[in-house]
Amino acid sequence: MAVDKGKPFALSLPVSVVVLAIAYIYVSTVFVFIDRWLGLFSSPGIMNAAVFTALAAVCGITYRAAISTDPGRVPATYMPDVEDAESPIHEIKRKGGDLRYCQKCSHYKPPRAHHCRVCKRCVLRMDHHCIWINNCVGHANYKVFFIFVLYAVISCIYSLVLLVGSLAYDGIQDEEKIGKSSFRTVYVVSGLLLVPLSIALCVLLGWHIYLVLHNKTTIEYHEGVRALWLAEKGGSIYKHPYDLGPYENLTYVLGPNILRWLWPSANHIGSGLRYRTIFDLPKGSTSK
């Protein structure tokens, strides 16, 4: 499936905050931390500025893609085929056991699809609606969202290291040096921004690494907690049907070509209407 990049760029308040944060972190890192610690035109300064500029550029590209890429729409003609031998699993409602049908969109829901109350439509393999990208995170833009968070974590930690190094270097300079107070403000504001942001992004990245390795969405995780409890209550064993094993799960999200894992391309993801399950695995194989 070719990824739909036709979604218009929507500049909301949270998106504006993220854009301004990226711009501020880039300017303060390159023109204050690197410049005052290493010298912007020295060899170490040029090297660090080039690396951080590349990271900032990738963050900008992946962030723009996460916003503008449609997460995946359910085709108006979609109809589940219960007699399809290649689809051994069909998701049903908790109550009644009927096939999942969206009353608001007036169509059946494919496996792993959910209705987003914010977007007012069903989204393929919906993970969650993210206000920071003003978009749902779903089938078609999950990889680019994941990569954006990864690069954002690396960039924040890198900037934090440069902040500490610059601050330590400034500590041995003359405290009466002209312009010192203005840079002190930059250090304080940057620290107050980078420390909590780095922690939050690390937690978010860790959470999505867990989800990727188990081939789950955030919604499926919470549904799985309930399913596991009901299974244990009934004396049976629950296993997430889409968990094919860590490597298979990883290649599902990032793609089969390891050289393109960290590049925001998603030509490998398929239609989003059917997913491999543990029932597709050869007999005797295990996902662990």
# chains A, B, ... in the order shown; residues from 1 in each chain; ligands from 1

call {"tool": "residues_around", "arguments": {"residues": "A:Phe31", "least_positions_apart": "3", "cutoff": "12 Å", "atoms": "only C-alpha atoms", "output": "NGL selection string"}}
result
:A and (23-28 or 34-41 or 45-46 or 48-49 or 52-53 or 159 or 162-163 or 166 or 183 or 186)

call {"tool": "select_by_dssp", "arguments": {"residues": "stretch 99-199 of chain A", "states": "helix (DSSP H, G or I)", "output": "NGL selection string"}}
result
:A and (142-171 or 180-199)

call {"tool": "atom_distance", "arguments": {"atom1": "atom CA of A:Leu150", "atom2": "atom CA of A:Val15"}}
result
17.9 Å

call {"tool": "select_by_dssp", "arguments": {"residues": "stretch 122-178 of chain A", "states": "strand (DSSP E)", "output": "PyMOL selection string"}}
result
chain A and resi 122-123+128-130+135-137

call {"tool": "write_last_selection", "arguments": {"atoms": "N, CA and C atoms", "output": "mmCIF file, in the first residue's frame"}}
result
data_model
loop_
_atom_site.group_PDB
_atom_site.id
_atom_site.type_symbol
_atom_site.label_atom_id
_atom_site.label_comp_id
_atom_site.auth_asym_id
_atom_site.auth_seq_id
_atom_site.Cartn_x
_atom_site.Cartn_y
_atom_site.Cartn_z
ATOM 1 N N CYS A 122 -13.042 5.892 11.531
ATOM 2 C CA CYS A 122 -12.287 4.712 11.946
ATOM 3 C C CYS A 122 -10.868 4.781 11.385
ATOM 4 N N VAL A 123 -9.918 4.302 12.170
ATOM 5 C CA VAL A 123 -8.504 4.341 11.800
ATOM 6 C C VAL A 123 -7.948 2.927 11.819
ATOM 7 N N HIS A 128 -3.321 5.415 19.092
ATOM 8 C CA HIS A 128 -3.914 6.463 19.921
ATOM 9 C C HIS A 128 -4.010 7.742 19.107
ATOM 10 N N HIS A 129 -4.798 8.677 19.599
ATOM 11 C CA HIS A 129 -4.825 10.001 18.983
ATOM 12 C C HIS A 129 -3.840 10.882 19.746
ATOM 13 N N CYS A 130 -2.912 11.484 19.021
ATOM 14 C CA CYS A 130 -1.850 12.273 19.649
ATOM 15 C C CYS A 130 -2.070 13.752 19.373
ATOM 16 N N ASN A 135 -3.018 14.378 15.062
ATOM 17 C CA ASN A 135 -3.316 13.284 14.147
ATOM 18 C C ASN A 135 -3.395 11.996 14.947
ATOM 19 N N CYS A 136 -4.055 11.009 14.372
ATOM 20 C CA CYS A 136 -4.027 9.683 14.973
ATOM 21 C C CYS A 136 -2.708 8.996 14.620
ATOM 22 N N VAL A 137 -2.255 8.143 15.504
ATOM 23 C CA VAL A 137 -1.123 7.271 15.210
ATOM 24 C C VAL A 137 -1.717 5.913 14.867
#

call {"tool": "residues_around", "arguments": {"residues": "stretch 54-69 of chain A", "least_positions_apart": "2", "cutoff": "10 Å", "atoms": "only C-alpha atoms", "output": "PyMOL selection string"}}
result
chain A and resi 3-11+15+18-19+22-23+25-26+48-52+71-72+130+132-138+140-156+158+263-265

call {"tool": "write_last_selection", "arguments": {"atoms": "N, CA and C atoms", "output": "compact mmCIF listing (two decimals), in the first residue's frame"}}
result
# COMPACT_ATOMS: atom_id res chain seq x y z
N VAL A 3 1.70 4.88 0.99
CA VAL A 3 1.27 5.70 2.11
C VAL A 3 0.65 6.98 1.61
N ASP A 4 -0.54 7.30 2.15
CA ASP A 4 -1.24 8.52 1.76
C ASP A 4 -0.64 9.70 2.50
N LYS A 5 -0.02 10.60 1.73
CA LYS A 5 0.57 11.78 2.33
C LYS A 5 -0.23 13.03 1.99
N GLY A 6 -1.52 12.81 1.64
CA GLY A 6 -2.33 13.92 1.21
C GLY A 6 -3.02 14.66 2.35
N LYS A 7 -2.84 14.22 3.57
CA LYS A 7 -3.48 14.91 4.69
C LYS A 7 -2.88 16.30 4.84
N PRO A 8 -3.72 17.33 4.90
CA PRO A 8 -3.18 18.69 5.01
C PRO A 8 -2.48 18.92 6.35
N PHE A 9 -1.45 19.75 6.31
CA PHE A 9 -0.72 20.10 7.53
C PHE A 9 -1.62 20.97 8.40
N ALA A 10 -1.91 20.50 9.62
CA ALA A 10 -2.80 21.22 10.53
C ALA A 10 -1.99 21.79 11.68
N LEU A 11 -1.90 23.11 11.74
CA LEU A 11 -1.09 23.78 12.76
C LEU A 11 -1.97 24.11 13.96
N VAL A 15 0.99 21.54 18.27
CA VAL A 15 1.96 21.41 17.18
C VAL A 15 2.87 22.64 17.15
N VAL A 18 5.47 22.32 19.83
CA VAL A 18 6.54 21.38 19.46
C VAL A 18 7.51 22.03 18.47
N VAL A 19 6.98 22.70 17.47
CA VAL A 19 7.83 23.35 16.47
C VAL A 19 8.73 24.40 17.13
N ILE A 22 11.48 22.64 19.17
CA ILE A 22 12.54 22.12 18.30
C ILE A 22 13.46 23.26 17.86
N ALA A 23 12.85 24.38 17.46
CA ALA A 23 13.65 25.52 17.01
C ALA A 23 14.50 26.08 18.14
N ILE A 25 15.56 24.56 20.94
CA ILE A 25 16.61 23.61 21.32
C ILE A 25 17.74 23.63 20.29
N TYR A 26 17.39 23.70 19.01
CA TYR A 26 18.44 23.73 17.98
C TYR A 26 19.30 24.98 18.09
N ASN A 48 30.33 18.71 15.85
CA ASN A 48 29.14 18.59 16.69
C ASN A 48 27.96 19.37 16.13
N ALA A 49 28.23 20.55 15.57
CA ALA A 49 27.16 21.33 14.96
C ALA A 49 26.57 20.61 13.77
N ALA A 50 27.41 19.95 12.97
CA ALA A 50 26.93 19.22 11.79
C ALA A 50 26.08 18.02 12.22
N VAL A 51 26.55 17.28 13.22
CA VAL A 51 25.80 16.11 13.70
C VAL A 51 24.46 16.55 14.28
N PHE A 52 24.47 17.59 15.10
CA PHE A 52 23.22 18.02 15.72
C PHE A 52 22.26 18.62 14.68
N PRO A 71 -3.22 8.18 8.85
CA PRO A 71 -2.91 6.93 9.55
C PRO A 71 -3.54 5.69 8.93
N GLY A 72 -4.48 5.86 8.06
CA GLY A 72 -5.11 4.72 7.40
C GLY A 72 -6.63 4.77 7.49
N CYS A 130 -2.91 11.48 19.02
CA CYS A 130 -1.85 12.27 19.65
C CYS A 130 -2.07 13.75 19.37
N TRP A 132 -0.08 16.07 20.04
CA TRP A 132 1.19 16.72 19.69
C TRP A 132 1.50 16.65 18.20
N ILE A 133 0.80 15.79 17.48
CA ILE A 133 0.92 15.77 16.02
C ILE A 133 -0.43 16.09 15.37
N ASN A 134 -1.43 16.37 16.20
CA ASN A 134 -2.77 16.69 15.71
C ASN A 134 -3.25 15.64 14.71
N ASN A 135 -3.02 14.38 15.06
CA ASN A 135 -3.32 13.28 14.15
C ASN A 135 -3.39 12.00 14.95
N CYS A 136 -4.06 11.01 14.37
CA CYS A 136 -4.03 9.68 14.97
C CYS A 136 -2.71 9.00 14.62
N VAL A 137 -2.25 8.14 15.50
CA VAL A 137 -1.12 7.27 15.21
C VAL A 137 -1.72 5.91 14.87
N GLY A 138 -1.53 5.50 13.63
CA GLY A 138 -2.16 4.27 13.17
C GLY A 138 -1.29 3.51 12.18
N ALA A 140 -0.57 3.53 8.94
CA ALA A 140 0.31 4.10 7.92
C ALA A 140 1.38 5.03 8.47
N ASN A 141 1.19 5.57 9.67
CA ASN A 141 2.19 6.53 10.18
C ASN A 141 2.82 6.10 11.50
N TYR A 142 2.60 4.84 11.90
CA TYR A 142 3.17 4.41 13.17
C TYR A 142 4.70 4.39 13.12
N LYS A 143 5.26 3.88 12.01
CA LYS A 143 6.73 3.80 11.92
C LYS A 143 7.35 5.19 12.00
N VAL A 144 6.81 6.14 11.25
CA VAL A 144 7.41 7.48 11.23
C VAL A 144 7.24 8.16 12.59
N PHE A 145 6.15 7.87 13.29
CA PHE A 145 5.96 8.39 14.65
C PHE A 145 7.01 7.79 15.59
N PHE A 146 7.21 6.49 15.49
CA PHE A 146 8.18 5.79 16.33
C PHE A 146 9.59 6.32 16.09
N ILE A 147 9.95 6.51 14.82
CA ILE A 147 11.28 7.01 14.48
C ILE A 147 11.45 8.45 14.96
N PHE A 148 10.40 9.26 14.85
CA PHE A 148 10.48 10.63 15.34
C PHE A 148 10.78 10.65 16.84
N VAL A 149 10.09 9.82 17.61
CA VAL A 149 10.33 9.77 19.06
C VAL A 149 11.77 9.32 19.34
N LEU A 150 12.24 8.34 18.57
CA LEU A 150 13.62 7.86 18.75
C LEU A 150 14.64 8.96 18.50
N TYR A 151 14.50 9.67 17.39
CA TYR A 151 15.44 10.76 17.07
C TYR A 151 15.29 11.92 18.06
N ALA A 152 14.08 12.15 18.53
CA ALA A 152 13.86 13.23 19.50
C ALA A 152 14.57 12.91 20.82
N VAL A 153 14.54 11.64 21.23
CA VAL A 153 15.24 11.23 22.45
C VAL A 153 16.75 11.44 22.29
N ILE A 154 17.30 10.99 21.16
CA ILE A 154 18.74 11.14 20.91
C ILE A 154 19.12 12.62 20.90
N SER A 155 18.30 13.44 20.25
CA SER A 155 18.60 14.86 20.15
C SER A 155 18.56 15.55 21.51
N CYS A 156 17.54 15.22 22.31
CA CYS A 156 17.42 15.84 23.63
C CYS A 156 18.59 15.47 24.54
N TYR A 158 21.56 14.44 23.60
CA TYR A 158 22.75 15.06 23.01
C TYR A 158 22.83 16.53 23.42
N TRP A 263 14.84 4.93 8.56
CA TRP A 263 14.45 5.90 7.55
C TRP A 263 12.92 5.92 7.47
N PRO A 264 12.30 7.10 7.39
CA PRO A 264 10.83 7.20 7.44
C PRO A 264 10.12 6.76 6.17
N SER A 265 10.29 5.49 5.82
CA SER A 265 9.57 4.93 4.68
C SER A 265 8.69 3.79 5.19

call {"tool": "closest_atom_pairs", "arguments": {"of": "stretch 52-88 of chain A", "to": "stretch 99-120 of chain A", "cutoff": "12 Å", "atoms": "only C-alpha atoms", "output": "Markdown table"}}
result
| residue | atom | partner | partner_atom | distance |
| --- | --- | --- | --- | --- |
| A:Asp70 | CA | A:Cys119 | CA | 10.9 |
| A:Pro71 | CA | A:Cys119 | CA | 10.6 |
| A:Gly72 | CA | A:Ala113 | CA | 9.2 |
| A:Arg73 | CA | A:Ala113 | CA | 9.2 |
| A:Val74 | CA | A:Lys109 | CA | 7.4 |
| A:Pro75 | CA | A:His107 | CA | 8.9 |
| A:Ala76 | CA | A:His107 | CA | 7.0 |
| A:Thr77 | CA | A:His107 | CA | 8.2 |
| A:Tyr78 | CA | A:Tyr108 | CA | 6.9 |
| A:Met79 | CA | A:Tyr108 | CA | 6.4 |
| A:Pro80 | CA | A:Pro110 | CA | 7.1 |
| A:Asp81 | CA | A:Pro110 | CA | 10.4 |
| A:Val82 | CA | A:Leu99 | CA | 9.4 |
| A:Ser87 | CA | A:Pro111 | CA | 10.1 |
| A:Pro88 | CA | A:Pro111 | CA | 11.5 |

call {"tool": "write_last_selection", "arguments": {"atoms": "N, CA, C and O atoms", "output": "PDB file, in the first residue's frame"}}
result
ATOM      1  N   ASP A  70      -1.715  10.316   6.498  1.00  0.00           N
ATOM      2  CA  ASP A  70      -2.983   9.766   6.977  1.00  0.00           C
ATOM      3  C   ASP A  70      -2.718   8.411   7.630  1.00  0.00           C
ATOM      4  O   ASP A  70      -2.056   7.562   7.037  1.00  0.00           O
ATOM      5  N   PRO A  71      -3.217   8.182   8.846  1.00  0.00           N
ATOM      6  CA  PRO A  71      -2.905   6.927   9.553  1.00  0.00           C
ATOM      7  C   PRO A  71      -3.537   5.692   8.934  1.00  0.00           C
ATOM      8  O   PRO A  71      -3.147   4.569   9.260  1.00  0.00           O
ATOM      9  N   GLY A  72      -4.478   5.865   8.060  1.00  0.00           N
ATOM     10  CA  GLY A  72      -5.115   4.718   7.399  1.00  0.00           C
ATOM     11  C   GLY A  72      -6.627   4.766   7.495  1.00  0.00           C
ATOM     12  O   GLY A  72      -7.177   4.774   8.593  1.00  0.00           O
ATOM     13  N   ARG A  73      -7.292   4.795   6.354  1.00  0.00           N
ATOM     14  CA  ARG A  73      -8.750   4.845   6.305  1.00  0.00           C
ATOM     15  C   ARG A  73      -9.329   3.473   5.959  1.00  0.00           C
ATOM     16  O   ARG A  73      -8.740   2.715   5.194  1.00  0.00           O
ATOM     17  N   VAL A  74     -10.500   3.189   6.509  1.00  0.00           N
ATOM     18  CA  VAL A  74     -11.200   1.961   6.162  1.00  0.00           C
ATOM     19  C   VAL A  74     -11.928   2.198   4.846  1.00  0.00           C
ATOM     20  O   VAL A  74     -12.723   3.140   4.740  1.00  0.00           O
ATOM     21  N   PRO A  75     -11.681   1.377   3.816  1.00  0.00           N
ATOM     22  CA  PRO A  75     -12.379   1.567   2.533  1.00  0.00           C
ATOM     23  C   PRO A  75     -13.891   1.462   2.720  1.00  0.00           C
ATOM     24  O   PRO A  75     -14.381   0.640   3.496  1.00  0.00           O
ATOM     25  N   ALA A  76     -14.616   2.296   2.007  1.00  0.00           N
ATOM     26  CA  ALA A  76     -16.078   2.291   2.121  1.00  0.00           C
ATOM     27  C   ALA A  76     -16.679   0.964   1.694  1.00  0.00           C
ATOM     28  O   ALA A  76     -17.770   0.585   2.125  1.00  0.00           O
ATOM     29  N   THR A  77     -15.943   0.227   0.860  1.00  0.00           N
ATOM     30  CA  THR A  77     -16.451  -1.051   0.349  1.00  0.00           C
ATOM     31  C   THR A  77     -16.008  -2.249   1.184  1.00  0.00           C
ATOM     32  O   THR A  77     -16.280  -3.385   0.800  1.00  0.00           O
ATOM     33  N   TYR A  78     -15.327  -1.983   2.307  1.00  0.00           N
ATOM     34  CA  TYR A  78     -14.790  -3.106   3.084  1.00  0.00           C
ATOM     35  C   TYR A  78     -15.911  -3.974   3.632  1.00  0.00           C
ATOM     36  O   TYR A  78     -16.892  -3.482   4.206  1.00  0.00           O
ATOM     37  N   MET A  79     -15.736  -5.295   3.480  1.00  0.00           N
ATOM     38  CA  MET A  79     -16.676  -6.270   4.009  1.00  0.00           C
ATOM     39  C   MET A  79     -15.895  -7.496   4.462  1.00  0.00           C
ATOM     40  O   MET A  79     -15.188  -8.104   3.660  1.00  0.00           O
ATOM     41  N   PRO A  80     -15.982  -7.869   5.739  1.00  0.00           N
ATOM     42  CA  PRO A  80     -15.242  -9.048   6.204  1.00  0.00           C
ATOM     43  C   PRO A  80     -15.773 -10.319   5.565  1.00  0.00           C
ATOM     44  O   PRO A  80     -16.987 -10.475   5.381  1.00  0.00           O
ATOM     45  N   ASP A  81     -14.850 -11.190   5.190  1.00  0.00           N
ATOM     46  CA  ASP A  81     -15.209 -12.469   4.579  1.00  0.00           C
ATOM     47  C   ASP A  81     -14.969 -13.579   5.599  1.00  0.00           C
ATOM     48  O   ASP A  81     -13.838 -14.017   5.793  1.00  0.00           O
ATOM     49  N   VAL A  82     -16.025 -14.027   6.250  1.00  0.00           N
ATOM     50  CA  VAL A  82     -15.886 -15.024   7.315  1.00  0.00           C
ATOM     51  C   VAL A  82     -15.522 -16.391   6.758  1.00  0.00           C
ATOM     52  O   VAL A  82     -15.125 -17.289   7.500  1.00  0.00           O
ATOM     53  N   SER A  87      -7.962 -15.906   6.424  1.00  0.00           N
ATOM     54  CA  SER A  87      -8.234 -15.029   7.570  1.00  0.00           C
ATOM     55  C   SER A  87      -8.816 -15.872   8.694  1.00  0.00           C
ATOM     56  O   SER A  87     -10.032 -15.943   8.874  1.00  0.00           O
ATOM     57  N   PRO A  88      -7.948 -16.575   9.448  1.00  0.00           N
ATOM     58  CA  PRO A  88      -8.421 -17.503  10.474  1.00  0.00           C
ATOM     59  C   PRO A  88      -8.966 -16.813  11.707  1.00  0.00           C
ATOM     60  O   PRO A  88      -9.472 -17.466  12.599  1.00  0.00           O
TER      61      PRO A  88
END

call {"tool": "closest_residue", "arguments": {"among": "A:Leu228, A:Tyr210, A:Ile278, A:Arg184", "to": "A:Asp170", "atoms": "only C-alpha atoms"}}
result
A:Arg184

call {"tool": "residues_around", "arguments": {"residues": "A:Val253", "least_positions_apart": "5", "cutoff": "9 Å", "atoms": "only C-alpha atoms", "output": "PyMOL selection string"}}
result
chain A and resi 142-143+212+215+248+261+266+268-269

call {"tool": "write_last_selection", "arguments": {"atoms": "N, CA, C and O atoms", "output": "JSON list (two decimals), in the first residue's frame"}}
result
[["chain", "number", "residue", "atom", "x", "y", "z"],
["A", 142, "TYR", "N", 2.60, 4.84, 11.90],
["A", 142, "TYR", "CA", 3.17, 4.41, 13.17],
["A", 142, "TYR", "C", 4.70, 4.39, 13.12],
["A", 142, "TYR", "O", 5.37, 4.83, 14.05],
["A", 143, "LYS", "N", 5.26, 3.88, 12.01],
["A", 143, "LYS", "CA", 6.73, 3.80, 11.92],
["A", 143, "LYS", "C", 7.35, 5.19, 12.00],
["A", 143, "LYS", "O", 8.33, 5.40, 12.74],
["A", 212, "VAL", "N", 6.12, -2.51, 20.17],
["A", 212, "VAL", "CA", 6.63, -3.01, 18.89],
["A", 212, "VAL", "C", 7.09, -4.46, 19.03],
["A", 212, "VAL", "O", 6.77, -5.31, 18.18],
["A", 215, "ASN", "N", 4.11, -6.57, 19.12],
["A", 215, "ASN", "CA", 3.14, -6.33, 18.05],
["A", 215, "ASN", "C", 1.77, -5.95, 18.61],
["A", 215, "ASN", "O", 0.74, -6.49, 18.21],
["A", 248, "GLU", "N", 10.10, -10.82, 14.12],
["A", 248, "GLU", "CA", 9.02, -10.65, 13.15],
["A", 248, "GLU", "C", 8.21, -9.40, 13.45],
["A", 248, "GLU", "O", 7.81, -8.67, 12.55],
["A", 261, "TRP", "N", 15.62, 0.70, 8.48],
["A", 261, "TRP", "CA", 14.84, 0.71, 9.72],
["A", 261, "TRP", "C", 14.67, 2.12, 10.27],
["A", 261, "TRP", "O", 13.62, 2.44, 10.82],
["A", 266, "ALA", "N", 7.54, 3.60, 4.54],
["A", 266, "ALA", "CA", 6.62, 2.56, 5.02],
["A", 266, "ALA", "C", 5.96, 1.86, 3.85],
["A", 266, "ALA", "O", 4.74, 1.63, 3.85],
["A", 268, "HIS", "N", 6.31, -1.15, 3.12],
["A", 268, "HIS", "CA", 6.21, -2.58, 3.41],
["A", 268, "HIS", "C", 4.94, -2.95, 4.16],
["A", 268, "HIS", "O", 4.70, -4.13, 4.43],
["A", 269, "ILE", "N", 4.11, -1.97, 4.53],
["A", 269, "ILE", "CA", 3.08, -2.22, 5.54],
["A", 269, "ILE", "C", 1.82, -2.91, 5.03],
["A", 269, "ILE", "O", 1.03, -3.41, 5.83]]

call {"tool": "atom_distance", "arguments": {"atom1": "atom CA of A:Leu193", "atom2": "atom CA of A:Thr218"}}
result
26.6 Å

call {"tool": "atom_distance", "arguments": {"atom1": "atom CA of A:Pro14", "atom2": "atom CA of A:Met126"}}
result
20.5 Å

call {"tool": "closest_residue", "arguments": {"among": "A:Ser12, A:Leu194, A:Leu213, A:Val188", "to": "A:Thr251", "atoms": "only C-alpha atoms"}}
result
A:Leu213
